There are 4 protein chains.
Amino acid sequence: MIIVLKKDATQAEIDHVVEKIKATGLAVHISKGKERTIIGAIGDEALLTQVPLETIAGVESVMPIMKPYTLVSREFRKEATVVEVCGVKMGEAALQVIAGPCSVESMASLIETAKQVKASGARILRGGAFKPRTSPYDFQGLGLEGLKYLAEAKKVTGLPIISELMDPRDTELLCEYVDIIQIGARNMQNFRLLTEAGKTKKPVLLKRGLSATFKEFLMSAEYIAAQGNDNIILCERGIRTFETATRNTLDLSAVPVLKEETHLPVFVDPSHAVGRWALVAPLALAAVAVGADGLMIEVHIDPENALCDGAQSLKPKKFDLLMKDIKRVAAAVGRGV
Amino acid sequence: MIIVLKKDATQAEIDHVVEKIKATGLAVHISKGKERTIIGAIGDEALLTQVPLETIAGVESVMPIMKPYTLVSREFRKEATVVEVCGVKMGEAALQVIAGPCSVESMASLIETAKQVKASGARILRGGAFKPRTSPYDFQGLGLEGLKYLAEAKKVTGLPIISELMDPRDTELLCEYVDIIQIGARNMQNFRLLTEAGKTKKPVLLKRGLSATFKEFLMSAEYIAAQGNDNIILCERGIRTFETATRNTLDLSAVPVLKEETHLPVFVDPSHAVGRWALVAPLALAAVAVGADGLMIEVHIDPENALCDGAQSLKPKKFDLLMKDIKRVAAAVGRGV
Amino acid sequence: MIIVLKKDATQAEIDHVVEKIKATGLAVHISKGKERTIIGAIGDEALLTQVPLETIAGVESVMPIMKPYTLVSREFRKEATVVEVCGVKMGEAALQVIAGPCSVESMASLIETAKQVKASGARILRGGAFKPRTSPYDFQGLGLEGLKYLAEAKKVTGLPIISELMDPRDTELLCEYVDIIQIGARNMQNFRLLTEAGKTKKPVLLKRGLSATFKEFLMSAEYIAAQGNDNIILCERGIRTFETATRNTLDLSAVPVLKEETHLPVFVDPSHAVGRWALVAPLALAAVAVGADGLMIEVHIDPENALCDGAQSLKPKKFDLLMKDIKRVAAAVGRGV
Amino acid sequence: MIIVLKKDATQAEIDHVVEKIKATGLAVHISKGKERTIIGAIGDEALLTQVPLETIAGVESVMPIMKPYTLVSREFRKEATVVEVCGVKMGEAALQVIAGPCSVESMASLIETAKQVKASGARILRGGAFKPRTSPYDFQGLGLEGLKYLAEAKKVTGLPIISELMDPRDTELLCEYVDIIQIGARNMQNFRLLTEAGKTKKPVLLKRGLSATFKEFLMSAEYIAAQGNDNIILCERGIRTFETATRNTLDLSAVPVLKEETHLPVFVDPSHAVGRWALVAPLALAAVAVGADGLMIEVHIDPENALCDGAQSLKPKKFDLLMKDIKRVAAAVGRGV
């Protein structure tokens with residue numbers, strides 16, 4: 001931690017800061033320049049993060065040196081984490097594609113979709129049973145019924161299942177049916193939910209919040225890891241910006257930045273980011289080219305009649321074409337699918 | 001709902017859209033211009049919101065005419081809602097000030113703070129027992145112990161209590177101790193939590209999410225109202241923008257915009273918005289001038305040793321001076337405190 | 001400047017960084033911690049800002065200690081700068097209000113507006129002769145004709161004139177007619193224009209860019225000051241955020257933050273920020289309460305027929321009422337108008 | 001144009017709106033629903049854009065149906081525009097890569113860079129002679145001297161030249177030396193500069209402003225086109241968001257969205273977007289995969305000693321490797337380089 005003092009900081013103020021730092025057990029190094037006195041706090045910075053040094057008279061700014069996350073950091077573990085579920089490995093050279101409808105709507109349509117996305121090369125089936133909706137009057141998901149359909153689709157196709165957890169009270173129930181727990185963007189800082197997901201030890205796909213920095217995103221992953229669960233998949237799904245032509249702005253720099261910072265696999269969900277099916281394919285290919293470990297794509301056999309997010313869902317035929325392109329681009333960047 | 005068709009939409013495409021609209025029971029009005037055909041769907045627009053018309057070939061854009069919220073809208077109820085708790089009325093001409101520490105830390109400090117903020121004119125005591133923290137390694141609040149201290153502070157000072165609900169499983173417990181349930185910014189779209197808060201029928205102070213539009217903010221309030229609970233106080237607390245000199249950007253236009261759109265009282269929390277105590281006072285005065293129905297301000301008897309958000313907390317003496325200024329500005333805009 | 005090295009930086013890398021710093025004439029201080037080696041560069045930091053230390057192998061991050069602006073900083077000059085034009089002082093206890101139409105449209109309407117805003121208490125007349133418009137097909141201003149009308153309005157009312165400079169080639173012409181040069185938000189980083197405005201030595205009102213940080217805003221002011229012109233008035237006018245209910249988001253924290261950082265007067269333009277006249281009055285009062293040195297408000301005698309920004313213009317009668325409120329709030333915070 | 005009236009709009013108010021519309025020569029269609037009266041204005045919408053209908057009592061909102069740009073729109077011209085300069089075609093199946101240093105620094109280094117980027121496959125040379133810099137104290141470019149070096153580099157390598165225009169007064173001079181005029185992000189709404197660039201009839205590469213929507217971006221292109229110059233190349237280069245880990249956020253959805261809306265070629269500049277060389281390569285590949293017509297990449301033979309933007313410049317060797325990858329990804333999406 002570097003503490004920069006104001007130009008006119010008094011000796012008493014400087015002494016007070018030094019005393020506060022020493023009280024935490026850290027060593028202090030003072031550097032008096034012509035313009036500013038600067039104090040370096042040497043040792044385990046975490047001990048200082050809860051001391052509000054900025055409130056002390058004479059302090060101009062406080063600059064942390066260390067990253068606030070540990071377990072999920074690349075420094076903590078150099079080699080990439082591979083998350084495995086039912087034989088599907090995420091984080092290796094081969095990309096994995098998760099596909100399926102936004103929400104589970106009926107047994108027949110789910111199984112039909114599952115068969116088709118499997119045939120095209122998807123290895124994991126998505127489908128929401130509990131749906132977070134902006135409006136209380138919109139379809140909120142089939143709940144337990146939806147989970148049962150997912151289990152059936154798994155039985156039929158062999159595809160492992162991912163579905164969203166919205167409420168800590170549903171954790172046990174959800175875990176009976178799904179292979180990967182999804183934490184949605186709106187719950188990225190629902191810290192109780194993160195803790196519950198961490199306790200399950202199940203793989204967790206954590207979506208980036210709409211206005212979450214990479215640092216905050218990784219701190220939320222750290223919540224899960226702090227429970228002893230490092231089966232975490234990060235998923236970029238678009239951030240909120242001033243641009244309204246797309247639902248959100250897909251931030252593909254997330255992929256290389258996160259791969260530098262963390263050992264966890266990084267996926268991309270282009271469907272939610274752009275909100276329009278015609279834009280999903282080009283952005284999915286871009287995600288592959290930028291180095292994503294996997295994709296999450298919404299596919300619906302009849303988007304016009306979808307109960308949720310029809311506008312951004314691909315029909316199975318378009319998804320099949322996309323998968324062929326994905327394979328070509330993946331090969332061009334030295335990865336399989 | 002207005003549906004704008006593409007320039008080259010075919011008659012078959014137009015017919016298909018018309019058919020989809022009619023299937024919901026709405027009437028259709030078609031207007032063929034030189035450049036575009038436009039379809040108006042006449043009747044209860046809510047019936048159409050779940051039909052993904054944008055997915056239909058030939059459709060260029062879909063423009064809703066109606067607001068997606070009902071119960072909380074000014075149209076639904078012209079007169080201002082007054083939320084009353086223990087005799088304190090929010091939403092009338094007199095402003096109300098909520099004050100207290102970010103988190104409850106000890107019985108003694110809480111009671112001391114409560115006495116002082118009461119003496120300065122605050123009418124409600126705030127204090128977090130359950131704390132949402134970005135890092136899993138930061139102080140997470142005293143939990144039940146903190147609630148007991150709050151209850152004691154109420155007994156001693158008579159100030160009603162507000163504290164944050166983070167987890168649906170804590171609802172019952174929290175309600176035993178607090179008079180107003182706070183929903184934090186990070187949980188503004190935690191729809192299950194909103195539903196639980198709605199069910200309690202207790203007053204709920206709902207903070208605007210960091211990247212929530214006014215429309216989304218009101219939709220979240222609608223979740224609470226849809227449970228039959230219209231004791232809702234909205235609270236602007238800063239949004240996330242590109243500017244990093246302040247913790248968030250306090251959006252004071254929220255006050256007049258929301259007062260147009262809704263009958264609910266609108267509060268402002270300058271402390272969390274700016275993150276630095278020296279900026280709290282001027283922005284608190286601005287909030288009064290812009291027409292806020294109340295303020296929420298962090299006060300700590302010893303910010304240097306606060307376990308949470310010390311940097312943005314006012315000392316009781318500074319808070320006392322601020323309250324005097326608040327009264328003057330309130331009077332200037334025709335309101336009491 | 002603090003240079004943080006990567007955990008695994010080699011001694012050769014460290015030596016190379018040290019050598020680069022010493023080559024600029026700065027002294028070096030090395031601190032080897034358990035986790036990181038940190039290098040402090042001691043002396044005139046400006047010498048280092050053009051050395052891309054981040055590119056050097058082994059460097060993790062570079063943290064400047066000093067502010068990048070000098071002449072406009074509060075450190076450089078403690079006392080507030082007072083900009084005076086035709087006897088009107090900006091930056092003293094008394095607030096100043098600039099009012100007038102968005103664009104100059106006709107001699108008669110301008111003079112009528114000037115008379116009315118003067119009667120209500122405005123001390124400076126605004127009016128655009130050259131108009132930056134998003135569309136090439138919109139009204140672009142009357143040009144020289146407009147400047148002549150402004151000069152006439154000044155002759156009749158005695159109000160000094162402010163008008164926008166859009167093109168370095170217009171500088172001389174504009175300066176013949178106006179008392180204050182306005183640099184618009186879209187030109188905040190038009191560095192050639194800033195330099196020209198600086199050379200004139202005329203007072204310059206510089207608007208904050210739509211996505212400019214406070215630091216960038218002050219750097220643009222530094223461009224003007226670097227030409228020997230410190231007659232600069234800063235003007236917050238709303239930033240671009242995700243919220244679309246208002247034209248921009250008025251960032252009133254700009255006022256106290258800028259007043260800490262700089263000695264220059266800080267004005268607020270609520271009209272452009274919100275884009276709707278009904279919101280102008282409450283935000284104008286908030287700007288006064290937060291400590292602005294002045295306001296810039298659009299007034300039009302017939303907004304329905306305005307050629308530009310009619311939606312956000314107040315009628316003279318509403319402006320008159322607002323001025324009365326402004327006086328009351330100003331008095332409440334210890335300032336005159 | 002659709003005009004939505006307030007629920008309680010009076011007949012007189014409705015009549016007044018109708019009258020205003022009819023005065024522009026447009027036809028009116030009124031639709032009275034249960035909840036709202038809606039007025040459709042039928043005919044050339046541009047006639048209405050300058051009438052501030054929102055100011056009229058009783059009007060709730062005004063929704064344009066038509067796009068505000070014409071000449072640059074895909075509707076105006078279905079087939080893609082191909083911009084050709086010295087035999088290099090932009091907008092065809094083959095991608096074009098522009099490369100070179102941020103700023104021209106010396107004859108020798110420029111020519112060396114030009115030779116190397118040409119050998120790797122770049123077809124156009126970039127280099128700033130006039131540099132827009134945030135700080136007045138930073139290197140501002142070599143000016144005319146720099147232009148001469150560029151001309152010499154062209155003579156030696158045959159690569160056409162692109163360089164930035166910052167000031168209308170430099171237009172003629174710049175055009176003597178360069179083949180493509182660059183308009184930088186900070187000048188995207190410098191409307192006078194756009195007009196000058198339009199008048200030259202030279203190809204113009206227009207960068208997206210840091211906070212410009214696609215609509216505003218296209219309106220700025222329309223300024224150029226309105227002067228009779230449709231040799232315009234659009235260039236996405238990152239927008240400003242809350243994320244600070246990258247210099248800006250590269251918005252790759254810009255490519256498919258703009259290709260829908262306009263017939264102009266769309267390039268991507270990953271270097272300025274991310275600001276760190278290690279991130280440039282993956283984002284360049286993503287830009288190719290998403291469908292960009294070309295790339296603009298900063299290359300410097302000695303980034304450590306660059307006078308400008310060294311941190312984001314690739315060394316020629318890294319650029320050469322990148323070009324190989326670009327060719328592979330381009331082939332995977334059916335394009336050459």
# chains A, B, ... in the order shown; residues from 1 in each chain; ligands from 1
$ select_by_dssp --residues "region 108-190 of chain B" --states "strand (DSSP E)" --output "list in words"
Ile124, Leu125, Arg126, Ile161, Ile162, Ser163, Glu164, Ile180, Ile181, Gln182 and Ile183 of chain B
$ write_last_selection --atoms "all heavy atoms" --output "compact mmCIF listing (two decimals), in the first residue's frame"
# COMPACT_ATOMS: atom_id res chain seq x y z
N ILE B 124 -34.88 8.88 11.93
CA ILE B 124 -34.80 7.43 11.75
C ILE B 124 -33.33 7.03 11.87
O ILE B 124 -32.44 7.76 11.40
CB ILE B 124 -35.37 7.01 10.37
CG1 ILE B 124 -36.86 7.42 10.28
CG2 ILE B 124 -35.20 5.51 10.12
CD1 ILE B 124 -37.46 7.27 8.89
N LEU B 125 -33.09 5.86 12.49
CA LEU B 125 -31.71 5.39 12.68
C LEU B 125 -31.38 4.29 11.69
O LEU B 125 -32.13 3.32 11.56
CB LEU B 125 -31.56 4.85 14.11
CG LEU B 125 -30.17 4.30 14.48
CD1 LEU B 125 -29.12 5.41 14.51
CD2 LEU B 125 -30.23 3.57 15.83
N ARG B 126 -30.26 4.44 11.00
CA ARG B 126 -29.82 3.38 10.11
C ARG B 126 -28.64 2.63 10.75
O ARG B 126 -27.93 3.17 11.61
CB ARG B 126 -29.38 3.92 8.75
CG ARG B 126 -28.16 4.84 8.79
CD ARG B 126 -27.44 4.81 7.45
NE ARG B 126 -26.78 3.54 7.30
CZ ARG B 126 -26.50 2.94 6.15
NH1 ARG B 126 -26.82 3.53 5.02
NH2 ARG B 126 -25.89 1.77 6.12
N ILE B 161 -36.10 2.13 13.21
CA ILE B 161 -34.87 1.50 12.73
C ILE B 161 -35.02 1.06 11.27
O ILE B 161 -36.05 0.50 10.89
CB ILE B 161 -34.61 0.23 13.58
CG1 ILE B 161 -34.39 0.59 15.05
CG2 ILE B 161 -33.45 -0.58 13.03
CD1 ILE B 161 -33.21 1.47 15.30
N ILE B 162 -33.96 1.31 10.48
CA ILE B 162 -33.89 0.74 9.14
C ILE B 162 -32.60 -0.08 9.03
O ILE B 162 -31.55 0.35 9.50
CB ILE B 162 -33.95 1.82 8.03
CG1 ILE B 162 -33.83 1.17 6.65
CG2 ILE B 162 -32.90 2.89 8.19
CD1 ILE B 162 -34.14 2.10 5.50
N SER B 163 -32.72 -1.26 8.43
CA SER B 163 -31.53 -2.10 8.24
C SER B 163 -31.74 -2.95 7.00
O SER B 163 -32.87 -3.20 6.58
CB SER B 163 -31.29 -2.96 9.48
OG SER B 163 -29.96 -3.47 9.49
N GLU B 164 -30.64 -3.39 6.41
CA GLU B 164 -30.70 -4.04 5.11
C GLU B 164 -31.01 -5.53 5.18
O GLU B 164 -30.48 -6.26 6.01
CB GLU B 164 -29.37 -3.84 4.36
CG GLU B 164 -29.39 -4.45 2.97
CD GLU B 164 -28.23 -4.03 2.09
OE1 GLU B 164 -27.48 -3.12 2.46
OE2 GLU B 164 -28.09 -4.62 1.00
N ILE B 180 -38.15 -0.45 9.02
CA ILE B 180 -38.09 -0.30 7.57
C ILE B 180 -37.05 -1.28 7.04
O ILE B 180 -35.95 -1.37 7.57
CB ILE B 180 -37.67 1.13 7.15
CG1 ILE B 180 -38.55 2.18 7.84
CG2 ILE B 180 -37.75 1.29 5.63
CD1 ILE B 180 -38.11 3.63 7.56
N ILE B 181 -37.44 -2.01 6.01
CA ILE B 181 -36.51 -2.94 5.37
C ILE B 181 -35.77 -2.20 4.27
O ILE B 181 -36.40 -1.54 3.43
CB ILE B 181 -37.29 -4.12 4.71
CG1 ILE B 181 -38.02 -4.93 5.77
CG2 ILE B 181 -36.35 -4.99 3.88
CD1 ILE B 181 -39.00 -5.95 5.18
N GLN B 182 -34.47 -2.27 4.27
CA GLN B 182 -33.70 -1.68 3.17
C GLN B 182 -33.31 -2.76 2.18
O GLN B 182 -32.86 -3.83 2.55
CB GLN B 182 -32.45 -1.01 3.72
CG GLN B 182 -31.59 -0.39 2.64
CD GLN B 182 -30.37 0.32 3.22
OE1 GLN B 182 -30.46 0.96 4.27
NE2 GLN B 182 -29.24 0.22 2.55
N ILE B 183 -33.52 -2.47 0.89
CA ILE B 183 -33.00 -3.34 -0.18
C ILE B 183 -31.86 -2.57 -0.83
O ILE B 183 -32.07 -1.45 -1.32
CB ILE B 183 -34.07 -3.67 -1.24
CG1 ILE B 183 -35.31 -4.31 -0.61
CG2 ILE B 183 -33.48 -4.55 -2.35
CD1 ILE B 183 -35.16 -5.76 -0.21
$ closest_atom_pairs --of "chain A" --to "chain B" --cutoff "9 Å" --atoms "only C-alpha atoms" --output "Markdown table"
| residue | atom | partner | partner_atom | distance |
| --- | --- | --- | --- | --- |
| A:Ala46 | CA | B:Tyr137 | CA | 8.6 |
| A:Thr49 | CA | B:Asp138 | CA | 8.3 |
| A:Gln50 | CA | B:Leu307 | CA | 6.4 |
| A:Val51 | CA | B:Asn305 | CA | 6.9 |
| A:Pro52 | CA | B:Gly310 | CA | 5.7 |
| A:Leu53 | CA | B:Glu304 | CA | 7.1 |
| A:Glu54 | CA | B:Ala311 | CA | 6.0 |
| A:Thr55 | CA | B:Ala311 | CA | 5.0 |
| A:Ile56 | CA | B:Glu304 | CA | 6.6 |
| A:Pro68 | CA | B:Ser135 | CA | 7.6 |
| A:Tyr69 | CA | B:Ser135 | CA | 8.0 |
| A:Pro132 | CA | B:Phe191 | CA | 6.5 |
| A:Arg133 | CA | B:Phe191 | CA | 7.6 |
| A:Thr134 | CA | B:Met219 | CA | 6.5 |
| A:Ser135 | CA | B:Met219 | CA | 5.8 |
| A:Pro136 | CA | B:Tyr223 | CA | 5.3 |
| A:Tyr137 | CA | B:Ala46 | CA | 8.6 |
| A:Asp138 | CA | B:Gln50 | CA | 7.1 |
| A:Phe139 | CA | B:Gln50 | CA | 8.1 |
| A:Met166 | CA | B:Arg192 | CA | 7.3 |
| A:Asp167 | CA | B:Arg192 | CA | 6.6 |
| A:Pro168 | CA | B:Asp167 | CA | 7.6 |
| A:Arg169 | CA | B:Arg169 | CA | 7.3 |
| A:Arg186 | CA | B:Gln189 | CA | 6.1 |
| A:Asn187 | CA | B:Asn190 | CA | 6.6 |
| A:Met188 | CA | B:Arg186 | CA | 8.5 |
| A:Gln189 | CA | B:Arg186 | CA | 6.1 |
| A:Asn190 | CA | B:Asn187 | CA | 6.6 |
| A:Phe191 | CA | B:Pro132 | CA | 6.5 |
| A:Arg192 | CA | B:Asp167 | CA | 6.6 |
| A:Leu193 | CA | B:Asp167 | CA | 8.3 |
| A:Leu210 | CA | B:Ser211 | CA | 7.0 |
| A:Ser211 | CA | B:Ser211 | CA | 6.0 |
| A:Glu216 | CA | B:Thr134 | CA | 6.8 |
| A:Met219 | CA | B:Ser135 | CA | 5.8 |
| A:Ser220 | CA | B:Thr134 | CA | 7.1 |
| A:Glu222 | CA | B:Pro136 | CA | 7.1 |
| A:Tyr223 | CA | B:Pro136 | CA | 5.3 |
| A:Ile224 | CA | B:Pro136 | CA | 8.9 |
| A:Ala226 | CA | B:Pro136 | CA | 7.3 |
| A:Arg240 | CA | B:Ser211 | CA | 7.0 |
| A:Thr241 | CA | B:Thr241 | CA | 8.6 |
| A:Arg276 | CA | B:Thr55 | CA | 8.2 |
| A:Trp277 | CA | B:Thr55 | CA | 8.2 |
| A:Pro303 | CA | B:Thr55 | CA | 7.0 |
| A:Glu304 | CA | B:Pro52 | CA | 5.9 |
| A:Asn305 | CA | B:Val51 | CA | 6.8 |
| A:Ala306 | CA | B:Pro52 | CA | 7.3 |
| A:Leu307 | CA | B:Gln50 | CA | 6.4 |
| A:Cys308 | CA | B:Gln50 | CA | 7.1 |
| A:Asp309 | CA | B:Pro52 | CA | 7.4 |
| A:Gly310 | CA | B:Pro52 | CA | 5.6 |
| A:Ala311 | CA | B:Thr55 | CA | 5.0 |
| A:Gln312 | CA | B:Thr55 | CA | 8.0 |
| A:Ser313 | CA | B:Thr55 | CA | 8.8 |
$ write_last_selection --atoms "C-alpha atoms" --output "mmCIF file, in the first residue's frame"
data_model
loop_
_atom_site.group_PDB
_atom_site.id
_atom_site.type_symbol
_atom_site.label_atom_id
_atom_site.label_comp_id
_atom_site.auth_asym_id
_atom_site.auth_seq_id
_atom_site.Cartn_x
_atom_site.Cartn_y
_atom_site.Cartn_z
ATOM 1 C CA ALA A 46 -4.869 -7.273 3.377
ATOM 2 C CA THR A 49 -7.682 -2.796 3.608
ATOM 3 C CA GLN A 50 -10.164 -2.276 6.404
ATOM 4 C CA VAL A 51 -8.358 0.729 7.843
ATOM 5 C CA PRO A 52 -9.891 3.835 6.259
ATOM 6 C CA LEU A 53 -6.605 5.702 5.862
ATOM 7 C CA GLU A 54 -8.273 8.175 3.469
ATOM 8 C CA THR A 55 -10.192 9.632 6.397
ATOM 9 C CA ILE A 56 -7.028 10.702 8.187
ATOM 10 C CA PRO A 68 -7.709 -7.882 -3.678
ATOM 11 C CA TYR A 69 -8.343 -11.475 -4.820
ATOM 12 C CA PRO A 132 -35.173 -13.440 -13.215
ATOM 13 C CA ARG A 133 -37.462 -11.077 -15.117
ATOM 14 C CA THR A 134 -37.470 -7.296 -15.025
ATOM 15 C CA SER A 135 -41.258 -7.269 -14.769
ATOM 16 C CA PRO A 136 -43.270 -9.103 -12.109
ATOM 17 C CA TYR A 137 -45.875 -9.705 -14.788
ATOM 18 C CA ASP A 138 -43.569 -11.681 -17.112
ATOM 19 C CA PHE A 139 -43.212 -15.459 -17.194
ATOM 20 C CA MET A 166 -31.847 -17.280 -8.009
ATOM 21 C CA ASP A 167 -32.579 -17.921 -4.351
ATOM 22 C CA PRO A 168 -30.467 -19.539 -1.628
ATOM 23 C CA ARG A 169 -33.552 -21.494 -0.600
ATOM 24 C CA ARG A 186 -28.095 -9.492 -11.801
ATOM 25 C CA ASN A 187 -26.984 -11.704 -8.915
ATOM 26 C CA MET A 188 -23.233 -11.351 -9.428
ATOM 27 C CA GLN A 189 -23.019 -9.419 -6.186
ATOM 28 C CA ASN A 190 -25.691 -11.381 -4.343
ATOM 29 C CA PHE A 191 -23.068 -12.459 -1.868
ATOM 30 C CA ARG A 192 -25.261 -14.903 0.017
ATOM 31 C CA LEU A 193 -26.076 -16.710 -3.199
ATOM 32 C CA LEU A 210 -23.956 -5.413 -16.022
ATOM 33 C CA SER A 211 -21.790 -2.791 -14.391
ATOM 34 C CA GLU A 216 -15.377 -6.933 -8.902
ATOM 35 C CA MET A 219 -13.972 -10.721 -6.190
ATOM 36 C CA SER A 220 -17.346 -12.406 -6.682
ATOM 37 C CA GLU A 222 -13.387 -15.288 -4.845
ATOM 38 C CA TYR A 223 -16.565 -15.523 -2.707
ATOM 39 C CA ILE A 224 -17.262 -18.900 -4.281
ATOM 40 C CA ALA A 226 -13.457 -18.970 -0.416
ATOM 41 C CA ARG A 240 -24.234 -1.630 -19.704
ATOM 42 C CA THR A 241 -23.048 1.380 -21.659
ATOM 43 C CA ARG A 276 -30.812 -9.819 -31.455
ATOM 44 C CA TRP A 277 -30.280 -13.159 -33.126
ATOM 45 C CA PRO A 303 -38.379 -18.191 -31.344
ATOM 46 C CA GLU A 304 -41.567 -16.426 -32.436
ATOM 47 C CA ASN A 305 -43.449 -18.237 -29.717
ATOM 48 C CA ALA A 306 -40.725 -18.254 -27.063
ATOM 49 C CA LEU A 307 -41.883 -17.196 -23.604
ATOM 50 C CA CYS A 308 -38.595 -15.424 -22.955
ATOM 51 C CA ASP A 309 -35.878 -13.772 -25.056
ATOM 52 C CA GLY A 310 -37.196 -15.012 -28.381
ATOM 53 C CA ALA A 311 -35.575 -12.077 -30.153
ATOM 54 C CA GLN A 312 -32.092 -13.299 -29.389
ATOM 55 C CA SER A 313 -32.591 -17.032 -29.928
#
$ residues_around --residues "Gly141 (chain A)" --least-positions-apart "3" --cutoff "9 Å" --atoms "only C-alpha atoms" --output "VMD selection string"
chain A and resid 103 to 105 128 to 132 146
$ write_last_selection --atoms "N, CA and C atoms" --output "mmCIF file, in the first residue's frame"
data_model
loop_
_atom_site.group_PDB
_atom_site.id
_atom_site.type_symbol
_atom_site.label_atom_id
_atom_site.label_comp_id
_atom_site.auth_asym_id
_atom_site.auth_seq_id
_atom_site.Cartn_x
_atom_site.Cartn_y
_atom_site.Cartn_z
ATOM 1 N N SER A 103 -35.608 -20.161 -21.409
ATOM 2 C CA SER A 103 -36.337 -20.802 -20.317
ATOM 3 C C SER A 103 -36.911 -22.133 -20.798
ATOM 4 N N VAL A 104 -37.021 -23.066 -19.867
ATOM 5 C CA VAL A 104 -37.664 -24.344 -20.165
ATOM 6 C C VAL A 104 -39.154 -24.088 -20.297
ATOM 7 N N GLU A 105 -39.748 -24.534 -21.405
ATOM 8 C CA GLU A 105 -41.159 -24.231 -21.645
ATOM 9 C C GLU A 105 -42.043 -25.473 -21.673
ATOM 10 N N GLY A 128 -33.560 -22.305 -18.405
ATOM 11 C CA GLY A 128 -33.913 -21.687 -17.134
ATOM 12 C C GLY A 128 -35.183 -22.275 -16.560
ATOM 13 N N ALA A 129 -35.125 -22.678 -15.311
ATOM 14 C CA ALA A 129 -36.329 -23.131 -14.611
ATOM 15 C C ALA A 129 -36.848 -22.003 -13.716
ATOM 16 N N PHE A 130 -35.920 -21.288 -13.124
ATOM 17 C CA PHE A 130 -36.250 -20.084 -12.347
ATOM 18 C C PHE A 130 -35.719 -18.905 -13.151
ATOM 19 N N LYS A 131 -36.585 -17.986 -13.526
ATOM 20 C CA LYS A 131 -36.181 -16.901 -14.421
ATOM 21 C C LYS A 131 -36.225 -15.537 -13.738
ATOM 22 N N PRO A 132 -35.135 -14.822 -13.715
ATOM 23 C CA PRO A 132 -35.173 -13.440 -13.215
ATOM 24 C C PRO A 132 -35.727 -12.534 -14.311
ATOM 25 N N GLY A 146 -39.762 -27.434 -14.460
ATOM 26 C CA GLY A 146 -38.705 -27.180 -15.439
ATOM 27 C C GLY A 146 -37.465 -28.015 -15.147
#
$ residues_around --residues "region 174-177 of chain C" --least-positions-apart "2" --cutoff "9 Å" --atoms "only C-alpha atoms" --output "PyMOL selection string"
chain C and resi 144+147-148+150-151+161+163-165+170-172+179-181+200+202
$ residues_around --residues "Val337 (chain C)" --least-positions-apart "5" --cutoff "7 Å" --atoms "only C-alpha atoms" --output "list in words"
Ala94, Leu95, Gln96, Lys327 and Ala330 of chain C
$ residues_around --residues "Ala108 (chain C)" --least-positions-apart "5" --cutoff "12 Å" --atoms "only C-alpha atoms" --output "PyMOL selection string"
chain C and resi 113-115+146+149-150+152-153+156+301
$ atom_distance --atom1 "CA of Gly198 (chain B)" --atom2 "CA of Asp230 (chain B)"
8.1 Å
$ select_by_dssp --residues "region 33-267 of chain B" --states "helix (DSSP H, G or I)" --output "count of residues only"
78
$ atom_distance --atom1 "CA of Thr213 (chain B)" --atom2 "CA of Ala254 (chain B)"
9.6 Å
$ residues_around --residues "Ile14 (chain A)" --least-positions-apart "4" --cutoff "9 Å" --atoms "only C-alpha atoms" --output "JSON, numbers by chain"
{"A": [5, 9, 10, 18, 19, 37, 39, 57, 58, 59]}
$ atom_distance --atom1 "CA of Val288 (chain A)" --atom2 "CA of Lys324 (chain D)"
17.0 Å
$ closest_residue --among "C:Lys201, C:Arg328, C:Lys78, C:Lys154" --to "Glu260 (chain C)" --atoms "only C-alpha atoms"
C:Lys78
